[in-house]
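Participant: My structure file model06.cif, mmCIF, C-alpha atoms, is below:
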data_structure
#
loop_
_atom_site.label_atom_id
_atom_site.label_comp_id
_atom_site.auth_asym_id
_atom_site.auth_seq_id
_atom_site.Cartn_x
_atom_site.Cartn_y
_atom_site.Cartn_z
CA MET A 581 -1.56 -1.93 11.14
CA LYS A 582 -1.84 1.66 12.28
CA LEU A 583 -1.79 4.53 9.75
CA VAL A 584 0.06 7.47 11.36
CA ARG A 585 0.23 9.82 8.38
CA LYS A 586 -0.54 9.86 4.66
CA ASP A 587 0.86 12.58 2.36
CA LEU A 588 -0.01 11.99 -1.29
CA GLU A 589 0.28 14.50 -4.15
CA LYS A 590 -2.18 14.87 -7.05
CA ASP A 591 0.03 12.64 -9.24
CA ASN A 592 -0.11 9.95 -6.50
CA ALA A 593 3.53 10.45 -5.48
CA GLY A 594 4.17 10.85 -1.76
CA GLN A 595 4.68 8.93 1.46
CA VAL A 596 2.83 7.09 4.21
CA THR A 597 3.90 6.44 7.80
CA LEU A 598 2.74 3.13 9.29
CA ILE A 599 3.18 1.07 12.46
CA PRO A 600 2.87 -2.72 12.03
CA GLU A 601 1.10 -4.09 15.11
CA GLU A 602 1.03 -7.86 14.55
CA PRO A 603 3.01 -10.49 12.59
CA GLU A 604 0.61 -10.46 9.63
CA ASP A 605 1.23 -6.75 9.15
CA MET A 606 4.77 -7.71 8.09
CA TRP A 607 3.23 -9.62 5.15
CA HIS A 608 1.22 -6.53 4.18
CA THR A 609 4.40 -4.41 4.42
CA TYR A 610 6.24 -6.91 2.19
CA ASN A 611 3.53 -6.40 -0.45
CA LEU A 612 3.74 -2.60 -0.15
CA LEU A 613 7.51 -2.46 -0.69
CA GLN A 614 9.05 -2.35 -4.15
CA VAL A 615 12.60 -1.97 -5.43
CA GLY A 616 13.27 1.76 -5.95
CA ASP A 617 11.04 2.89 -3.08
CA SER A 618 12.43 5.04 -0.28
CA LEU A 619 12.18 3.55 3.24
CA ARG A 620 12.87 5.53 6.43
CA ALA A 621 13.05 3.61 9.71
CA SER A 622 14.94 3.23 12.95
CA THR A 623 17.77 0.67 12.82
CA ILE A 624 20.93 -0.45 14.61
CA ARG A 625 24.33 0.20 12.99
CA LYS A 626 27.73 -1.00 14.14
CA VAL A 627 29.98 2.08 14.26
CA GLN A 628 33.75 2.18 14.76
CA THR A 629 34.98 4.86 17.17
CA GLU A 630 38.48 6.07 17.85
CA SER A 631 39.41 7.34 21.32
CA ALA A 632 41.80 10.18 22.15
CA THR A 633 44.59 7.64 22.72
CA GLY A 634 44.10 6.18 19.23
CA SER A 635 42.49 2.87 20.27
CA VAL A 636 39.67 1.73 18.00
CA GLY A 637 36.46 0.23 19.35
CA SER A 638 33.04 -0.51 17.92
CA ASN A 639 29.61 0.33 19.30
CA ARG A 640 26.10 -0.59 18.22
CA ILE A 641 24.14 2.63 17.78
CA ARG A 642 20.44 3.11 17.07
CA THR A 643 19.89 5.61 14.29
CA THR A 644 17.25 6.52 11.70
CA LEU A 645 18.17 5.84 8.07
CA THR A 646 16.50 6.48 4.71
CA LEU A 647 17.29 3.76 2.17
CA CYS A 648 16.64 3.39 -1.53
CA VAL A 649 15.26 -0.18 -1.55
CA GLU A 650 17.30 -2.71 -3.54
CA ALA A 651 16.34 -6.10 -2.08
CA ILE A 652 13.46 -7.36 0.08
CA ASP A 653 13.58 -10.63 2.03
CA PHE A 654 10.50 -12.00 3.81
CA ASP A 655 10.52 -15.04 6.13
CA SER A 656 6.92 -16.31 6.11
CA GLN A 657 7.30 -18.63 9.11
CA ALA A 658 8.92 -16.09 11.44
CA CYS A 659 7.07 -13.13 9.78
CA GLN A 660 10.35 -11.19 9.62
CA LEU A 661 11.13 -8.61 6.95
CA ARG A 662 14.61 -7.43 5.96
CA VAL A 663 15.12 -4.58 3.52
CA LYS A 664 18.53 -3.91 1.95
CA GLY A 665 19.44 -0.68 0.20
CA THR A 666 21.74 2.33 -0.02
CA ASN A 667 21.61 5.34 2.28
CA ILE A 668 20.17 8.39 0.47
CA GLN A 669 20.03 10.91 3.32
CA GLU A 670 22.80 12.56 5.35
CA ASN A 671 23.56 10.66 8.56
CA GLU A 672 26.38 11.13 11.07
CA TYR A 673 27.07 7.36 11.30
CA VAL A 674 26.44 6.13 7.74
CA LYS A 675 27.92 7.62 4.56
CA MET A 676 25.75 8.52 1.57
CA GLY A 677 25.52 5.53 -0.78
CA ALA A 678 26.63 3.04 1.90
CA TYR A 679 24.70 -0.25 2.05
CA HIS A 680 22.61 -1.15 5.07
CA THR A 681 19.92 -3.71 5.94
CA ILE A 682 16.93 -2.58 7.99
CA GLU A 683 14.95 -5.25 9.83
CA LEU A 684 11.38 -4.03 10.11
CA GLU A 685 9.64 -5.22 13.27
CA PRO A 686 6.19 -4.96 14.88
CA ASN A 687 5.40 -1.78 16.86
CA ARG A 688 8.22 0.18 15.22
CA GLN A 689 7.21 3.04 12.93
CA PHE A 690 8.45 3.33 9.34
CA THR A 691 7.84 5.78 6.46
CA LEU A 692 7.53 4.53 2.90
CA ALA A 693 7.80 6.92 -0.08
CA LYS A 694 6.90 6.05 -3.68
CA LYS A 695 6.97 7.92 -6.97
CA GLN A 696 3.59 6.36 -7.78
CA TRP A 697 1.05 4.88 -5.34
CA ASP A 698 -1.30 2.72 -7.43
CA SER A 699 -4.82 1.60 -6.51
CA VAL A 700 -3.78 -1.95 -5.50
CA VAL A 701 -1.19 -0.69 -2.97
CA LEU A 702 -3.57 1.92 -1.51
CA GLU A 703 -6.28 -0.73 -1.15
CA ARG A 704 -3.88 -2.99 0.74
CA ILE A 705 -3.12 -0.17 3.22
CA GLU A 706 -6.87 0.28 3.74
CA GLN A 707 -7.34 -3.45 4.38
CA ALA A 708 -4.30 -3.73 6.66
CA CYS A 709 -5.53 -0.80 8.79
CA ASP A 710 -9.09 -2.17 9.05
CA PRO A 711 -9.41 -4.45 12.12
CA ALA A 712 -12.39 -6.26 10.53
CA TRP A 713 -9.95 -7.87 8.09
CA SER A 714 -8.22 -9.90 10.82
CA ALA A 715 -9.26 -13.51 10.34
CA ASP A 716 -10.08 -15.72 13.23
CA VAL A 717 -9.93 -19.31 11.96
CA ALA A 718 -7.72 -22.19 13.06
CA ALA A 719 -7.65 -25.65 11.50
CA VAL A 720 -6.42 -29.12 12.40
CA VAL A 721 -6.10 -31.26 9.26
CA MET A 722 -5.40 -34.87 10.22
CA GLN A 723 -5.28 -38.53 9.33
CA GLU A 724 -3.99 -41.45 11.41
CA GLY A 725 -0.41 -40.57 12.38
CA LEU A 726 -0.25 -37.15 10.66
CA ALA A 727 -1.71 -33.77 11.64
CA HIS A 728 -1.16 -30.13 10.66
CA VAL A 729 -2.24 -27.36 13.03
CA CYS A 730 -2.78 -24.19 10.94
CA LEU A 731 -3.90 -20.61 11.41
CA VAL A 732 -5.94 -19.25 8.50
CA THR A 733 -5.57 -15.47 8.33
CA PRO A 734 -6.96 -13.24 5.55
CA SER A 735 -3.61 -13.32 3.79
CA MET A 736 -2.01 -16.65 4.47
CA THR A 737 -2.25 -20.17 5.84
CA LEU A 738 0.40 -20.53 8.54
CA THR A 739 1.41 -24.05 9.59
CA ARG A 740 2.05 -23.74 13.31
CA ALA A 741 2.74 -27.42 14.08
CA LYS A 742 3.17 -30.71 12.26
CA VAL A 743 2.61 -33.88 14.30
CA GLU A 744 3.83 -37.22 12.96
CA VAL A 745 3.58 -40.49 14.90
CA ASN A 746 4.14 -43.98 13.51
CA ILE A 747 0.91 -45.99 14.08
CA PRO A 748 1.38 -49.81 13.92
CA ARG A 749 -1.32 -51.69 12.01
CA LYS A 750 -4.01 -53.57 13.91
CA ARG A 751 -3.28 -57.29 14.37
CA LYS A 752 -5.84 -60.02 14.92
CA GLY A 753 -6.52 -60.43 18.61
CA ASN A 754 -4.03 -57.68 19.58
CA CYS A 755 -4.83 -54.02 18.99
CA SER A 756 -3.06 -52.66 22.06
CA GLN A 757 0.05 -51.36 20.22
CA HIS A 758 -2.13 -49.60 17.62
CA ASP A 759 -4.39 -48.07 20.30
CA ARG A 760 -1.47 -46.88 22.47
CA ALA A 761 0.24 -45.22 19.48
CA LEU A 762 -3.03 -43.58 18.43
CA GLU A 763 -3.55 -42.23 21.96
CA ARG A 764 0.00 -40.83 21.98
CA PHE A 765 -0.67 -39.18 18.59
CA TYR A 766 -3.95 -37.61 19.79
CA GLU A 767 -2.24 -36.32 22.95
CA GLN A 768 0.47 -34.58 20.91
CA VAL A 769 -2.17 -32.94 18.67
CA VAL A 770 -4.07 -31.68 21.76
CA GLN A 771 -0.83 -30.18 23.12
CA ALA A 772 -0.16 -28.48 19.76
CA ILE A 773 -3.70 -27.00 19.76
CA GLN A 774 -3.23 -25.59 23.27
CA ARG A 775 0.20 -24.22 22.43
CA HIS A 776 -0.56 -22.58 19.09
CA ILE A 777 -4.24 -21.54 19.09
CA ASN A 778 -5.23 -18.34 20.88
CA PHE A 779 -8.90 -18.91 21.76
CA GLU A 780 -9.38 -15.24 22.62
CA VAL A 781 -8.97 -14.39 18.92
CA VAL A 782 -10.05 -17.58 17.14
CA LYS A 783 -13.80 -17.91 16.55
CA CYS A 784 -13.74 -21.32 14.90
CA VAL A 785 -11.44 -24.37 14.92
CA LEU A 786 -11.95 -26.73 11.98
CA VAL A 787 -11.07 -30.38 12.63
CA ALA A 788 -10.80 -32.06 9.22
CA SER A 789 -9.96 -35.67 8.37
CA PRO A 790 -10.94 -38.63 6.22
CA GLY A 791 -13.10 -41.36 7.84
CA PHE A 792 -13.84 -41.25 11.56
CA VAL A 793 -10.46 -39.87 12.70
CA ARG A 794 -11.87 -36.39 13.56
CA GLU A 795 -14.76 -37.87 15.65
CA GLN A 796 -12.39 -40.19 17.54
CA PHE A 797 -9.92 -37.36 18.12
CA CYS A 798 -12.58 -34.90 19.38
CA ASP A 799 -14.05 -37.58 21.69
CA TYR A 800 -10.59 -38.27 23.10
CA MET A 801 -9.74 -34.56 23.48
CA PHE A 802 -12.90 -33.65 25.41
CA GLN A 803 -12.84 -36.82 27.56
CA GLN A 804 -9.31 -35.89 28.62
CA ALA A 805 -10.39 -32.28 29.15
CA VAL A 806 -13.14 -33.46 31.55
CA LYS A 807 -10.71 -35.79 33.39
CA THR A 808 -8.04 -33.09 33.80
CA ASP A 809 -10.59 -30.26 34.25
CA ASN A 810 -9.07 -28.38 31.30
CA LYS A 811 -11.23 -25.23 31.36
CA LEU A 812 -9.64 -23.77 28.22
CA LEU A 813 -10.81 -26.63 26.00
CA LEU A 814 -14.16 -27.16 27.76
CA GLU A 815 -15.15 -23.47 27.54
CA ASN A 816 -14.24 -23.35 23.84
CA ARG A 817 -15.87 -26.64 22.86
CA PRO A 818 -18.58 -24.91 20.73
CA LYS A 819 -15.84 -23.41 18.52
CA PHE A 820 -14.76 -26.85 17.24
CA LEU A 821 -16.34 -27.81 13.91
CA GLN A 822 -15.80 -31.26 12.35
CA VAL A 823 -15.57 -31.49 8.56
CA HIS A 824 -14.42 -33.99 5.95
CA SER A 825 -11.07 -33.79 4.12
CA SER A 826 -9.36 -36.35 1.88
CA SER A 827 -6.13 -36.45 3.93
CA GLY A 828 -4.13 -34.88 6.75
CA HIS A 829 -1.91 -32.86 4.39
CA LYS A 830 -2.04 -29.06 4.32
CA TYR A 831 -3.52 -28.87 0.79
CA ALA A 832 -6.63 -30.75 2.03
CA LEU A 833 -7.53 -27.60 4.01
CA LYS A 834 -9.07 -26.14 0.83
CA GLU A 835 -11.71 -28.93 0.81
CA ALA A 836 -12.52 -28.23 4.45
CA LEU A 837 -12.96 -24.51 3.75
CA CYS A 838 -15.27 -25.35 0.80
CA ASP A 839 -17.67 -27.32 3.02
CA PRO A 840 -21.08 -25.48 3.09
CA ALA A 841 -21.32 -25.80 6.90
CA VAL A 842 -17.90 -24.18 7.22
CA ALA A 843 -18.66 -21.51 4.62
CA SER A 844 -21.73 -20.34 6.58
CA ARG A 845 -19.70 -20.28 9.80
CA LEU A 846 -16.85 -18.34 8.20
CA SER A 847 -18.97 -16.13 5.98
CA ASP A 848 -17.42 -12.96 7.40
CA THR A 849 -13.81 -13.90 6.65
CA LYS A 850 -11.87 -13.07 3.50
CA ALA A 851 -10.35 -16.57 3.36
CA ALA A 852 -13.76 -18.15 2.85
CA GLY A 853 -14.64 -15.63 0.12
CA GLU A 854 -11.48 -16.44 -1.81
CA VAL A 855 -12.01 -20.18 -1.54
CA LYS A 856 -15.62 -19.83 -2.73
CA ALA A 857 -14.55 -17.68 -5.71
CA LEU A 858 -11.95 -20.27 -6.75
CA ASP A 859 -14.46 -23.08 -6.29
CA ASP A 860 -16.98 -21.19 -8.48
CA PHE A 861 -14.27 -20.75 -11.13
CA TYR A 862 -13.50 -24.49 -11.22
CA LYS A 863 -17.22 -25.33 -11.49
CA MET A 864 -17.62 -22.85 -14.33
CA LEU A 865 -14.53 -24.28 -16.07
CA GLN A 866 -16.11 -27.73 -15.89
CA HIS A 867 -19.68 -26.88 -16.93
CA GLU A 868 -19.37 -23.67 -19.03
CA PRO A 869 -15.74 -23.35 -20.17
CA ASP A 870 -16.62 -20.33 -22.39
CA ARG A 871 -17.31 -18.37 -19.17
CA ALA A 872 -14.08 -19.28 -17.32
CA PHE A 873 -10.78 -17.88 -18.61
CA TYR A 874 -7.27 -17.91 -17.17
CA GLY A 875 -3.93 -16.53 -18.36
CA LEU A 876 -3.27 -12.80 -18.76
CA LYS A 877 -3.92 -12.56 -22.55
CA HIS A 878 -7.23 -14.42 -22.37
CA VAL A 879 -8.42 -12.43 -19.36
CA GLU A 880 -7.43 -9.10 -20.96
CA LYS A 881 -9.42 -10.03 -24.10
CA ALA A 882 -12.45 -10.88 -21.96
CA ASN A 883 -12.05 -7.56 -20.17
CA GLU A 884 -12.00 -5.69 -23.52
CA ALA A 885 -15.41 -7.26 -24.17
CA MET A 886 -16.50 -6.00 -20.67
CA ALA A 887 -17.39 -9.60 -19.88
CA ILE A 888 -15.63 -10.09 -16.51
CA ASP A 889 -17.92 -10.62 -13.55
CA THR A 890 -15.22 -11.76 -11.05
CA LEU A 891 -11.47 -11.33 -11.47
CA LEU A 892 -9.23 -13.67 -9.45
CA ILE A 893 -5.64 -12.43 -9.23
CA SER A 894 -2.63 -13.36 -7.07
CA ASP A 895 -0.84 -10.66 -5.06
CA GLU A 896 2.43 -12.24 -6.25
CA LEU A 897 1.88 -10.58 -9.65
CA PHE A 898 1.95 -7.11 -8.06
CA ARG A 899 5.45 -7.81 -6.69
CA HIS A 900 6.81 -8.06 -10.25
CA GLN A 901 10.12 -6.18 -10.59
CA ASP A 902 9.25 -4.89 -14.08
CA VAL A 903 7.27 -1.65 -13.66
CA ALA A 904 5.45 -2.02 -17.01
CA THR A 905 4.31 -5.58 -16.19
CA ARG A 906 3.09 -4.55 -12.76
CA ALA A 907 1.25 -1.56 -14.28
CA ARG A 908 -0.47 -3.95 -16.72
CA TYR A 909 -1.94 -5.96 -13.81
CA VAL A 910 -2.99 -2.78 -11.94
CA LYS A 911 -4.68 -1.47 -15.12
CA LEU A 912 -6.59 -4.77 -15.46
CA VAL A 913 -7.82 -4.54 -11.84
CA ASP A 914 -8.90 -0.89 -12.23
CA SER A 915 -10.65 -1.61 -15.55
CA VAL A 916 -12.63 -4.57 -14.14
CA ARG A 917 -13.80 -2.40 -11.22
CA GLU A 918 -14.81 0.41 -13.60
CA ASN A 919 -16.92 -2.13 -15.50
CA MET A 920 -18.69 -3.04 -12.21
CA GLY A 921 -16.86 -6.36 -11.86
CA THR A 922 -15.67 -7.88 -8.56
CA VAL A 923 -11.92 -8.19 -7.93
CA ARG A 924 -10.53 -10.76 -5.50
CA ILE A 925 -6.81 -10.42 -4.76
CA PHE A 926 -5.54 -13.78 -3.49
CA SER A 927 -2.55 -14.15 -1.19
CA SER A 928 0.21 -16.37 -2.59
CA LEU A 929 0.76 -17.66 0.98
CA HIS A 930 -2.84 -18.86 1.25
CA VAL A 931 -3.88 -22.36 0.16
CA SER A 932 -6.31 -20.91 -2.41
CA GLY A 933 -3.62 -18.48 -3.65
CA GLU A 934 -1.19 -21.35 -4.21
CA GLN A 935 -3.81 -23.07 -6.40
CA LEU A 936 -4.50 -19.90 -8.36
CA GLY A 937 -0.74 -19.60 -8.91
CA GLN A 938 -0.87 -22.94 -10.76
CA LEU A 939 -3.38 -21.30 -13.16
CA THR A 940 -0.89 -18.48 -14.05
CA GLY A 941 -2.10 -16.36 -11.09
CA VAL A 942 -4.90 -14.64 -13.02
CA ALA A 943 -8.36 -16.02 -13.86
CA ALA A 944 -11.85 -14.68 -14.50
CA ILE A 945 -15.48 -15.77 -14.25
CA LEU A 946 -17.40 -14.11 -17.11
CA ARG A 947 -20.90 -12.61 -17.19
CA PHE A 948 -21.56 -14.16 -20.58
CA PRO A 949 -19.74 -16.65 -22.83
CA VAL A 950 -16.96 -15.29 -25.03
CA ALA A 951 -16.59 -18.20 -27.42
CA GLU A 952 -14.92 -16.16 -30.18
CA LEU A 953 -11.71 -15.83 -28.20
CA SER A 954 -11.20 -19.58 -27.81
CA ASP A 955 -12.03 -20.03 -31.51
CA GLN A 956 -9.44 -17.37 -32.45
CA GLU A 957 -6.84 -19.11 -30.30
CA ASP A 958 -7.62 -22.45 -31.97
CA ASP A 959 -7.32 -20.87 -35.44
CA SER A 960 -4.02 -19.17 -34.65
CA SER A 961 -2.55 -22.33 -33.11
CA SER A 962 -3.59 -24.42 -36.13
CA GLU A 963 -1.99 -21.82 -38.44
CA GLU A 964 1.24 -22.05 -36.42
CA ASP A 965 1.20 -25.85 -36.80
#
Would you mind writing the file's structure down as structure tokens?

Facilitator:
Amino acid sequence: MKLVRKDLEKDNAGQVTLIPEEPEDMWHTYNLLQVGDSLRASTIRKVQTESATGSVGSNRIRTTLTLCVEAIDFDSQACQLRVKGTNIQENEYVKMGAYHTIELEPNRQFTLAKKQWDSVVLERIEQACDPAWSADVAAVVMQEGLAHVCLVTPSMTLTRAKVEVNIPRKRKGNCSQHDRALERFYEQVVQAIQRHINFEVVKCVLVASPGFVREQFCDYMFQQAVKTDNKLLLENRPKFLQVHSSSGHKYALKEALCDPAVASRLSDTKAAGEVKALDDFYKMLQHEPDRAFYGLKHVEKANEAMAIDTLLISDELFRHQDVATRARYVKLVDSVRENMGTVRIFSSLHVSGEQLGQLTGVAAILRFPVAELSDQEDDSSSEED
């Protein structure tokens, strides 16, 4: 993302002009937009024209509109963003108050104005405009007959290909059908890797599976690469890292990212940091439950006691339509930072973010146990009973 201009007043009202440069920037833009904001961008409008003879025709004309945002639609697979709203600035082709949908696209400038730019939104702009935040991890999660080829970016886990092949079971004295099907499966996975992974950007490719599937697959892939003199795969062989996972389903990617060997390799990526924070939370919940809280009320109480060491919060909560609710989450984030705590904002499109969402989307690892809170909760619940 490229920041062209930033005009903010003392009360944090104002506007920013940005240019999304890659598909993931559309996800950042989706998180910046809120209903009620003002969006100015170039768009195409179908306009009816009447000639001197009275015949009516229609032309598609490119014009710049300013909309008051009413609805936001994001397609995570295609990374496309459509914003619907009413026109709030004079335009020769579109009446004031008329509805229009702008499709924001990479490399096309837009200006976003808000009555209040809060700390979470401003931080996201900083991250989006910092090239160091671009992740560079790909993953192949597989088991016999099923594989997912994924790209792990700082903000989301994108499934680029799903390969499914029916593998017949081995029969006594005749394994040829099983072996042929397995070879066909491996070949399709290799093709998916070559098609969807850009080795110029990706620093590491995780190959995760239960059992010996990953070893057999990697052996097959590099034997074929030698036979066919596939320079792309042979030159990037050191980037492939084999790790264990319980299955070939997408959710098993979290286990692969938790592996210590992977964590050291990916130590400079945000995805690994989020996964580690969530893993630490689960460990704390298991061994010292008085130092692991989740749910907004519990976490707010812990924050009042200045006990939060690490706050884990989903970006989905900051897209809440209710301004007061959103402000409550922003206040929590600001307060934890003021108290020298660490804040990790998880993406709801990332594997770790999906898991955090199952825990209400907000959790905290505490500096010290806050047993009183759980006792109070128990007392109040028993009184209700």

Participant: Evaluating the PyMOL selection byres ((chain A and resi 929-931) around 8) on the displayed file yields which residues, as a list in words?

Facilitator: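 Residues picked by the PyMOL selection byres ((chain A and resi 929-931) around 8): Val732, Ser735, Met736, Thr737, Tyr831, Leu833, Lys834, Phe926, Ser927, Ser928, Ser932, Gly933, Glu934 and Gln935 of chain A.
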
Participant: Between segment 898-937 of chain A and segment 876-884 of chain A, at 12 Å or less, what are the per-residue closest atom pairs and their distances in Å? Count all atoms listed in the file, order by chain and rising residue number, and return it as a tab-separated table.

Facilitator:
residue	atom	partner	partner_atom	distance
A:Thr905	CA	A:Leu876	CA	10.8
A:Arg908	CA	A:Leu876	CA	9.5
A:Tyr909	CA	A:Leu876	CA	8.5
A:Val910	CA	A:Glu880	CA	11.9
A:Lys911	CA	A:Glu880	CA	10.0
A:Leu912	CA	A:Glu880	CA	7.1
A:Val913	CA	A:Asn883	CA	9.8
A:Asp914	CA	A:Asn883	CA	10.8
A:Ser915	CA	A:Asn883	CA	7.7
A:Val916	CA	A:Asn883	CA	6.8
A:Arg917	CA	A:Asn883	CA	10.5
A:Glu918	CA	A:Asn883	CA	10.7
A:Asn919	CA	A:Asn883	CA	8.7
A:Met920	CA	A:Asn883	CA	11.3
A:Gly921	CA	A:Asn883	CA	9.7

Participant: Counting only C-alpha atoms, which residue out of A:Leu936, A:Ala708, A:Leu865, A:Ala772 sits closest to Val729 of chain A?

Facilitator: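 Checking each candidate against Val729 of chain A, we get A:Ala772 as the closest.
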
Participant: Do you know which residues are at most 7 Å from Gly828 of chain A counting only C-alpha atoms, after dropping those on the same chain fewer than 4 positions away, and could you put them as a PyMOL selection string?

Facilitator: chain A and resi 721-723+726-728+789+832

Participant: What does the distance between atom CA of Leu588 of chain A and atom CA of Asp698 of chain A come to in Å, to one decimal place?

Facilitator: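 Between atom CA of Leu588 of chain A and atom CA of Asp698 of chain A the gap is 11.2 Å.
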
Participant: Could you tell me how far atom CA of Val770 of chain A sits from atom CA of Asn810 of chain A, in Å to one decimal place?

Facilitator: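 Rounded to one decimal, the two atoms are 11.3 Å apart.
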
Participant: How many Å lie between atom CA of Leu612 of chain A and atom CA of Lys856 of chain A, rounded to one decimal?

Facilitator: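 If I compute the distance from atom CA of Leu612 of chain A to atom CA of Lys856 of chain A, I get 26.0 Å.
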
Participant: From the options A:Leu598, A:Val781, A:Cys730, A:Gly791, which residue's atoms come nearest to Val769 of chain A, counting all atoms listed in the file?

Facilitator: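 Counting all atoms listed in the file, the residue closest to Val769 of chain A is A:Cys730.
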
Participant: My list of candidates is A:Gln628, A:Thr644, A:Ser622, A:Ser656. Which is closest to Leu684 of chain A when distances are computed with only C-alpha atoms?

Facilitator: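 When distances to Leu684 of chain A are compared using only C-alpha atoms, the smallest one comes from A:Ser622.
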
Participant: Could you list, as number ranges by chain, every residue within 10 Å of Leu786 of chain A, counting all atoms listed in the file and ignoring same-chain residues fewer than 2 positions away?

Facilitator: A: 717-721, 729-730, 784, 788-789, 794, 819-824, 833, 836-837, 842

Participant: For the structure provided, state which residues fall under the PyMOL selection byres ((chain A and resi 749) around 12), and present them as an mmCIF file with C-alpha atoms, in the coordinates of the input.

Facilitator:
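What ended up in out30.cif:
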data_model
loop_
_atom_site.group_PDB
_atom_site.id
_atom_site.type_symbol
_atom_site.label_atom_id
_atom_site.label_comp_id
_atom_site.auth_asym_id
_atom_site.auth_seq_id
_atom_site.Cartn_x
_atom_site.Cartn_y
_atom_site.Cartn_z
ATOM 1 C CA GLU A 724 -3.990 -41.450 11.410
ATOM 2 C CA GLY A 725 -0.410 -40.570 12.380
ATOM 3 C CA ASN A 746 4.140 -43.980 13.510
ATOM 4 C CA ILE A 747 0.910 -45.990 14.080
ATOM 5 C CA PRO A 748 1.380 -49.810 13.920
ATOM 6 C CA LYS A 750 -4.010 -53.570 13.910
ATOM 7 C CA ARG A 751 -3.280 -57.290 14.370
ATOM 8 C CA LYS A 752 -5.840 -60.020 14.920
ATOM 9 C CA ASN A 754 -4.030 -57.680 19.580
ATOM 10 C CA CYS A 755 -4.830 -54.020 18.990
ATOM 11 C CA SER A 756 -3.060 -52.660 22.060
ATOM 12 C CA GLN A 757 0.050 -51.360 20.220
ATOM 13 C CA HIS A 758 -2.130 -49.600 17.620
ATOM 14 C CA ASP A 759 -4.390 -48.070 20.300
ATOM 15 C CA ARG A 760 -1.470 -46.880 22.470
ATOM 16 C CA ALA A 761 0.240 -45.220 19.480
ATOM 17 C CA LEU A 762 -3.030 -43.580 18.430
#

Participant: Which residues, named as in the file, does the PyMOL selection byres ((chain A and resi 646) around 6) pick out? Answer as number ranges by chain.

Facilitator: A: 619-620, 645, 647, 667-669

Participant: Can I get the selected residues back with C-alpha atoms, as a PDB file, keeping the file's coordinate frame?

Facilitator:
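Listed below is the output, part24.pdb:
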ATOM      1  CA  LEU A 619      12.180   3.550   3.240  1.00  0.00           C
ATOM      2  CA  ARG A 620      12.870   5.530   6.430  1.00  0.00           C
ATOM      3  CA  LEU A 645      18.170   5.840   8.070  1.00  0.00           C
ATOM      4  CA  LEU A 647      17.290   3.760   2.170  1.00  0.00           C
ATOM      5  CA  ASN A 667      21.610   5.340   2.280  1.00  0.00           C
ATOM      6  CA  ILE A 668      20.170   8.390   0.470  1.00  0.00           C
ATOM      7  CA  GLN A 669      20.030  10.910   3.320  1.00  0.00           C
TER       8      GLN A 669
END

Participant: Show which residues sit within 7 Å of segment 609-611 of chain A, as a PyMOL selection string. Count only C-alpha atoms, and ignore same-chain residues fewer than 4 positions away.

Facilitator: chain A and resi 605+654+899

Participant: How big is the axis-aligned box around the listed atoms of segment 765-768 of chain A once 4 Å is added on each side, and where is its centre? Give both in Å to one decimal, as lines of an AutoDock Vina configuration file.

Facilitator:
center_x = -1.7
center_y = -36.9
center_z = 20.8
size_x = 12.4
size_y = 12.6
size_z = 12.4

Participant: Under the rule that all atoms listed in the file are counted, which of A:Ala632, A:Ser827, A:Arg924, A:Leu946 is the nearest residue to Asp895 of chain A?

Facilitator: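 Checking each of A:Ala632, A:Ser827, A:Arg924, A:Leu946 against Asp895 of chain A, counting all atoms listed in the file, the winner is A:Arg924.
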
Participant: Point out the residue among A:Thr890, A:Thr597, A:Gln938, A:Thr922 with the least atom-to-atom distance to Lys694 of chain A, counting all atoms listed in the file.

Facilitator: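 Among A:Thr890, A:Thr597, A:Gln938, A:Thr922, it is A:Thr597 that comes nearest to Lys694 of chain A.
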
Participant: Taking all atoms listed in the file into account, name the residue in A:Lys807, A:Gln660, A:Met581, A:Phe792 that is nearest to Ser825 of chain A.

Facilitator: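 Counting all atoms listed in the file, the residue closest to Ser825 of chain A is A:Phe792.
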
Participant: Might you pull out every residue within 6 Å of Asp870 of chain A, with only C-alpha atoms counted and same-chain residues fewer than 3 positions away left off, and present them as a PyMOL selection string?

Facilitator: chain A and resi 949-951
